[in-house]
Every structure is written in structure tokens, then in C-alpha cells.
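Chemist: Input: one structure, supplied below.
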There are 2 protein chains.
Amino acid sequence: MIQELTESYGNIFEKDLITEIAQVGTYKEVPEGYKLIEIGDYIKGMPLLISGAIKILRDDNDGDELLLYYLEKGDTCSMTLACCMGDSKSEIRAITETDSKLIMVPMQKMEEWTVKYKSWRNFVFNSYHERLNELLSTLDSIAFDKMDARLISYLKEKARINKGNVIHNTHQEIAYELHSSRVVISRLLKKLEQMGAIELHRNYIKILDL
Amino acid sequence: MIQELTESYGNIFEKDLITEIAQVGTYKEVPEGYKLIEIGDYIKGMPLLISGAIKILRDDNDGDELLLYYLEKGDTCSMTLACCMGDSKSEIRAITETDSKLIMVPMQKMEEWTVKYKSWRNFVFNSYHERLNELLSTLDSIAFDKMDARLISYLKEKARINKGNVIHNTHQEIAYELHSSRVVISRLLKKLEQMGAIELHRNYIKILDL
DNA sequence: GCTAGGCAGTAACATTAGTTACAAAGGATT
DNA sequence: AATCCTTTGTAACTAATGTTACTGCCTAGC
């Protein structure tokens, strides 16, 4: 585990801290589509992402979904921090976007490490900072952009996260994550295809020039 | 200053910490409508709110505004924290909603107090937690609600913050904060009036039963 | 090969929100 | 009182998004 930690976190954590993490953390490999956190869950540990990607989703009360942002290597989930500190329930859902490797750290260490390691403090605060900014830019896009622009951002980001130019989703799935309807998404996708930006296929979309 | 601090923060901060804050902090009284932070500002201190309320606004690049949330007594601005820690520019604008009293604490103390005082750590983390949740619920309302529902929430919140049932704003001002247009807001307000929920007047709105 | 179920394309329509334009009313100043 | 500016009301229109309904197509499983 030390090895994986050093690879992903070696440049930000002290050696001592990495040793400690390795001692108390549990290493996990999870397949794509695995639900790590459900809304309303109490969370007892925080995840340090080694590889892969996790998507963070928000629900309203009626099962309407909305993609908030992705976590990648070197990230952790601030929401988790927030929830654990406050001992409250999760406000979000977390699902692996790709096969992922991560280390779960028991929550009790948080406080201890915050005092003991400057690098841990920085990590936690940076994490909050980044997540706040991601939330803000998600909010921007919902508040200020129209659906076509949001769809383009979505496709770009999804391609980036999946490291390729093919997106394996149905129109319905995209509609869920953008909180829109299948027909609307199909319509806009078709328009993008006619503009030569993408290629539509059954169950996947190929990105040409977005 | 010790007195004001004790009143607003006595139950969460240790006495020693309050003394320290009083030593390095500067007390400020600011009138309604005063711009505390502009987008792009570098921030050198963090505000502890003693009384009054501050509204936090987001801008897109073209001057379109959006109200994110309010800060009240006992709150601080996580964005500020985030910005200062990361030594980056402010992503938001902060304007006093009512006459306010606050204490500015120089940023250098952050790190020191985080190590030294458990109550400070809790305060900072709680603050992040609350702000994240406020952002989430703002996002919910934009993503999942229609304008009429958003307007009702806005009126309720505004009345609560201003401690009364009268809202001193023009339709245009409301439209800015909800990122809509004056005509749309007038239309919806008129509908609310016809339902007997509010009373419309020039330059102010009286809330009857929302 | 056949078929059921999931997926995508499309048309027609409804609803919501934004825009433009203009009228009317209130309030301040002269 | 006459004038001017701000605020509000309203109509008519456009644009964007969502909804319903139906079609054909693909493909996995029989």
C-alpha cells in the first residue's frame, strides 16, 4: 500500500504520514458503477483516491439526479469530510465512473493528523477549496449556460475523465446526469452531429471536434 | 471587542482564543450595501460576523449576478478561507445586506490557531460544512425548482434575514439576484399578490402569507 | 431466424422563461 | 402645475426546454 500511496500522494504527504496512513487505511479496488456512498448514509471513513474516477451526484427528493463533479487521483471527498466532522448524513451520492483504487481512512485520525501534520492540513484545506470551486463552476453552468453549452461541457469532461474520445452512455443516462429529458438530449446531440462535432452510435458517442 | 466576541462566539471559542482574536483583530462597523469583497480581490483577512448580514454573490463573466447565500452572526466566509489558504483570488462578491459589525482577523493566524485550538479547528470545519451545504441547497433550487418556487424561497429568506415582513427592493433588484429579468419577476410577483400571499407597493413588498 | 425490450429519431404540442415595447402611476424637483 | 425619472403593469412575441406519442432499428436471448 505504501507504494500506491507514494505514487499518488508522495509529493504532498510526509513520509511519516504515509506510513501512518498505510497502517490504518484499508486498500480497496472497486469496479465501474459501484455505489460508494448513498444519500443519507452515515460515513465512517474518508476515501483517498489512488486511480480511477468517482462521480458525485446530487438528488432532489423525487429521484431527479444531477452530476456535480468528478474526483480523480489525489482527490478526496470534501463532502465526506464535512459529513464526518459534523457527524451528519451524506448529502450526495458517490459512484465510481471507472474502475478505481482507493484507500479508506478511518475518520478518527482526521483530528489527530490535522494537528500533527502540516501537509495533512494543507491537503484537507486544499481539498475543500477545490471542491468549493468545482461546485461553483457547476453552479455557474446551470445558472448561466443553456442546455447545449452544458451538454458540450459534459461531453468534454466525460471524455477527459475516461481518457478517450468515446463516451459509453445512452442518451437517457446523459439526460439523468444533466437533469434533462432524453428527447431534449437526443435533439441537441443530433444537432452536434450535424455540425460535425460528434458521431452518434447505439450506446456510445464518438467525439470528433468539440 | 472582547465583549462583542464573547456575545457572539463565547459558546464556541475558548477564553484564550477570544483574547487572542481581540488582540490581533480589527473591529469594523459597515453600513448596508457596503462592498466587502469584489471578485478578483486578494483577501488578506477573514471576517467574523458579530451582527447584521452579508450576502454572497456570484458573477458570470458578463456581469450577470446570482445570490448564493447569506452570512449571519457567528458565521464566517469559507470562500475567504479557501482563497486565503490557496493564496488565490476571490470567486465571489460580498456585500452587506444590513448594517453589520464584524471583526477582521489577519490570515497568518489561521494556521497557528488551527494547531493550537480545537475549538478553532471545529469552527473552521463547521464553517466549511455549512457553506458547502448552503451552496448545495442553492444549487438544488436552481437545478430543480422553477422560477416561481425560487422567488418564494427568496422572499422568505430575505424576510428572515431582515427580521420583518417587508422587503425593500425593486423588482429589478430581485431579478438581478435571481438572475432573471424584471418582467418575469413582476409577472410572478403579481401572481403571488393575486393569490393573497404578498402585497405589492412601490419600492417594497409586504409579505402576508407565503 | 424470431421476438421482446431497449435505444434513438422525430413530430407536434405545452409550458416556462426571456425580450421588446409601451403605457401608466408615483415621487421628486423646479 | 409642469417636468422628469424611476418603478411597475401588461401585451405580444420569441426562444428554450420539456412532454407525449409514435416510429423504426438494433441486438440479446430464445
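So you can find residues: chains in the C-alpha cells are A, B, ... in the order shown, residues in each start at 1, and ligands are numbered from 1 in order.
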Only residues of chain C matter here; which ones have an atom within 8 Å of chain B, counting only C-alpha atoms (C1' of nucleotides)? Give them as a list in words.

Modeler: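 Putting it all together, I get DA17, DG18 and DG26 of chain C.
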
Chemist: Write to file, as a JSON list (two decimals), in the first residue's frame, the residues of the selection just made, with C-alpha atoms (C1' of nucleotides).

Modeler:
[["chain", "number", "residue", "atom", "x", "y", "z"],
["C", 17, "DA", "C1'", -38.78, 31.97, -19.25],
["C", 18, "DG", "C1'", -36.84, 35.86, -21.58],
["C", 26, "DG", "C1'", -45.60, 57.53, -8.15]]

Chemist: Residues of chain D within 12 Å of chain B, counting only C-alpha atoms (C1' of nucleotides), what are they? List them as a PyMOL selection string.

Modeler: chain D and resi 6-11

Chemist: Write out, as a PDB file, in the first residue's frame, the residues just selected, with C-alpha atoms (C1' of nucleotides).

Modeler:
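Saved file part_6.pdb follows:
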ATOM      1  C1'  DT D   6     -37.974  55.535 -11.700  1.00  0.00           C
ATOM      2  C1'  DT D   7     -40.897  51.866 -10.967  1.00  0.00           C
ATOM      3  C1'  DT D   8     -44.500  48.840 -12.151  1.00  0.00           C
ATOM      4  C1'  DG D   9     -48.149  46.640 -15.256  1.00  0.00           C
ATOM      5  C1'  DT D  10     -49.210  44.382 -19.383  1.00  0.00           C
ATOM      6  C1'  DA D  11     -49.391  42.628 -24.073  1.00  0.00           C
TER       7       DA D  11
END

Chemist: Show me, as a Markdown table, the residues of chain A having an atom within 6 Å of chain B, each with the closest atom pair and its distance in Å, using only C-alpha atoms.

Modeler:
| residue | atom | partner | partner_atom | distance |
| --- | --- | --- | --- | --- |
| A:Ala82 | CA | B:His129 | CA | 4.9 |
| A:Val115 | CA | B:Val115 | CA | 5.1 |
| A:His129 | CA | B:Ala82 | CA | 4.9 |

Chemist: Restrict the selected residues to N, CA and C atoms and save them as an mmCIF file, in the first residue's frame.

Modeler:
data_model
loop_
_atom_site.group_PDB
_atom_site.id
_atom_site.type_symbol
_atom_site.label_atom_id
_atom_site.label_comp_id
_atom_site.auth_asym_id
_atom_site.auth_seq_id
_atom_site.Cartn_x
_atom_site.Cartn_y
_atom_site.Cartn_z
ATOM 1 N N ALA A 82 -16.856 16.869 5.512
ATOM 2 C CA ALA A 82 -17.878 17.702 6.135
ATOM 3 C C ALA A 82 -18.856 16.848 6.924
ATOM 4 N N VAL A 115 -3.634 18.137 13.539
ATOM 5 C CA VAL A 115 -2.741 18.801 14.479
ATOM 6 C C VAL A 115 -1.281 18.454 14.170
ATOM 7 N N HIS A 129 -11.152 23.633 -0.735
ATOM 8 C CA HIS A 129 -11.044 24.741 -1.673
ATOM 9 C C HIS A 129 -11.428 24.285 -3.080
#

Chemist: Could you work out how far CA of Thr96 in chain B lies from CA of Leu5 in chain B, giving the answer in Å with one decimal?

Modeler: 19.3 Å

Chemist: Identify all residues of range 22-197 of chain B in strand (DSSP E or B) (DSSP on the backbone) and supply them as a PyMOL selection string.

Modeler: chain B and resi 26-30+35-37+45-51+54-59+65-71+76+93-96+100-106+166-167

Chemist: Those residues you just picked out, can you put them in a file as an mmCIF file, in the first residue's frame with C-alpha atoms?

Modeler:
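Final file, result_0.cif:
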data_model
loop_
_atom_site.group_PDB
_atom_site.id
_atom_site.type_symbol
_atom_site.label_atom_id
_atom_site.label_comp_id
_atom_site.auth_asym_id
_atom_site.auth_seq_id
_atom_site.Cartn_x
_atom_site.Cartn_y
_atom_site.Cartn_z
ATOM 1 C CA THR B 26 -9.808 44.866 13.998
ATOM 2 C CA TYR B 27 -13.370 45.814 14.755
ATOM 3 C CA LYS B 28 -15.429 47.266 11.934
ATOM 4 C CA GLU B 29 -18.890 48.687 11.542
ATOM 5 C CA VAL B 30 -20.144 48.780 7.989
ATOM 6 C CA LYS B 35 -18.977 46.053 -0.745
ATOM 7 C CA LEU B 36 -16.654 43.995 1.412
ATOM 8 C CA ILE B 37 -15.159 41.790 -1.268
ATOM 9 C CA GLY B 45 -8.078 38.721 6.396
ATOM 10 C CA MET B 46 -11.084 36.705 7.338
ATOM 11 C CA PRO B 47 -14.265 38.259 8.699
ATOM 12 C CA LEU B 48 -16.039 37.090 11.841
ATOM 13 C CA LEU B 49 -19.578 38.410 11.749
ATOM 14 C CA ILE B 50 -20.861 39.895 15.005
ATOM 15 C CA SER B 51 -24.184 41.265 13.859
ATOM 16 C CA ILE B 54 -23.755 39.702 4.411
ATOM 17 C CA LYS B 55 -24.908 38.481 1.054
ATOM 18 C CA ILE B 56 -22.579 36.419 -1.080
ATOM 19 C CA LEU B 57 -22.994 36.797 -4.829
ATOM 20 C CA ARG B 58 -21.625 35.021 -7.845
ATOM 21 C CA ASP B 59 -20.999 36.675 -11.204
ATOM 22 C CA GLU B 65 -25.398 38.116 -10.913
ATOM 23 C CA LEU B 66 -26.684 35.336 -8.725
ATOM 24 C CA LEU B 67 -27.308 35.319 -4.989
ATOM 25 C CA LEU B 68 -25.595 32.366 -3.353
ATOM 26 C CA TYR B 69 -26.431 32.722 0.325
ATOM 27 C CA TYR B 70 -26.302 34.948 3.378
ATOM 28 C CA LEU B 71 -23.872 35.037 6.264
ATOM 29 C CA THR B 76 -17.512 33.401 8.571
ATOM 30 C CA ARG B 93 -18.611 39.225 -4.204
ATOM 31 C CA ALA B 94 -19.656 40.061 -0.639
ATOM 32 C CA ILE B 95 -21.996 42.939 0.158
ATOM 33 C CA THR B 96 -23.586 43.821 3.486
ATOM 34 C CA SER B 100 -23.164 44.956 10.160
ATOM 35 C CA LYS B 101 -20.468 44.630 12.777
ATOM 36 C CA LEU B 102 -17.551 42.360 12.185
ATOM 37 C CA ILE B 103 -14.019 41.582 13.221
ATOM 38 C CA MET B 104 -11.294 41.118 10.669
ATOM 39 C CA VAL B 105 -8.652 38.599 11.586
ATOM 40 C CA PRO B 106 -5.342 38.564 9.739
ATOM 41 C CA VAL B 166 -41.332 43.859 4.471
ATOM 42 C CA ILE B 167 -38.767 43.594 1.712
#
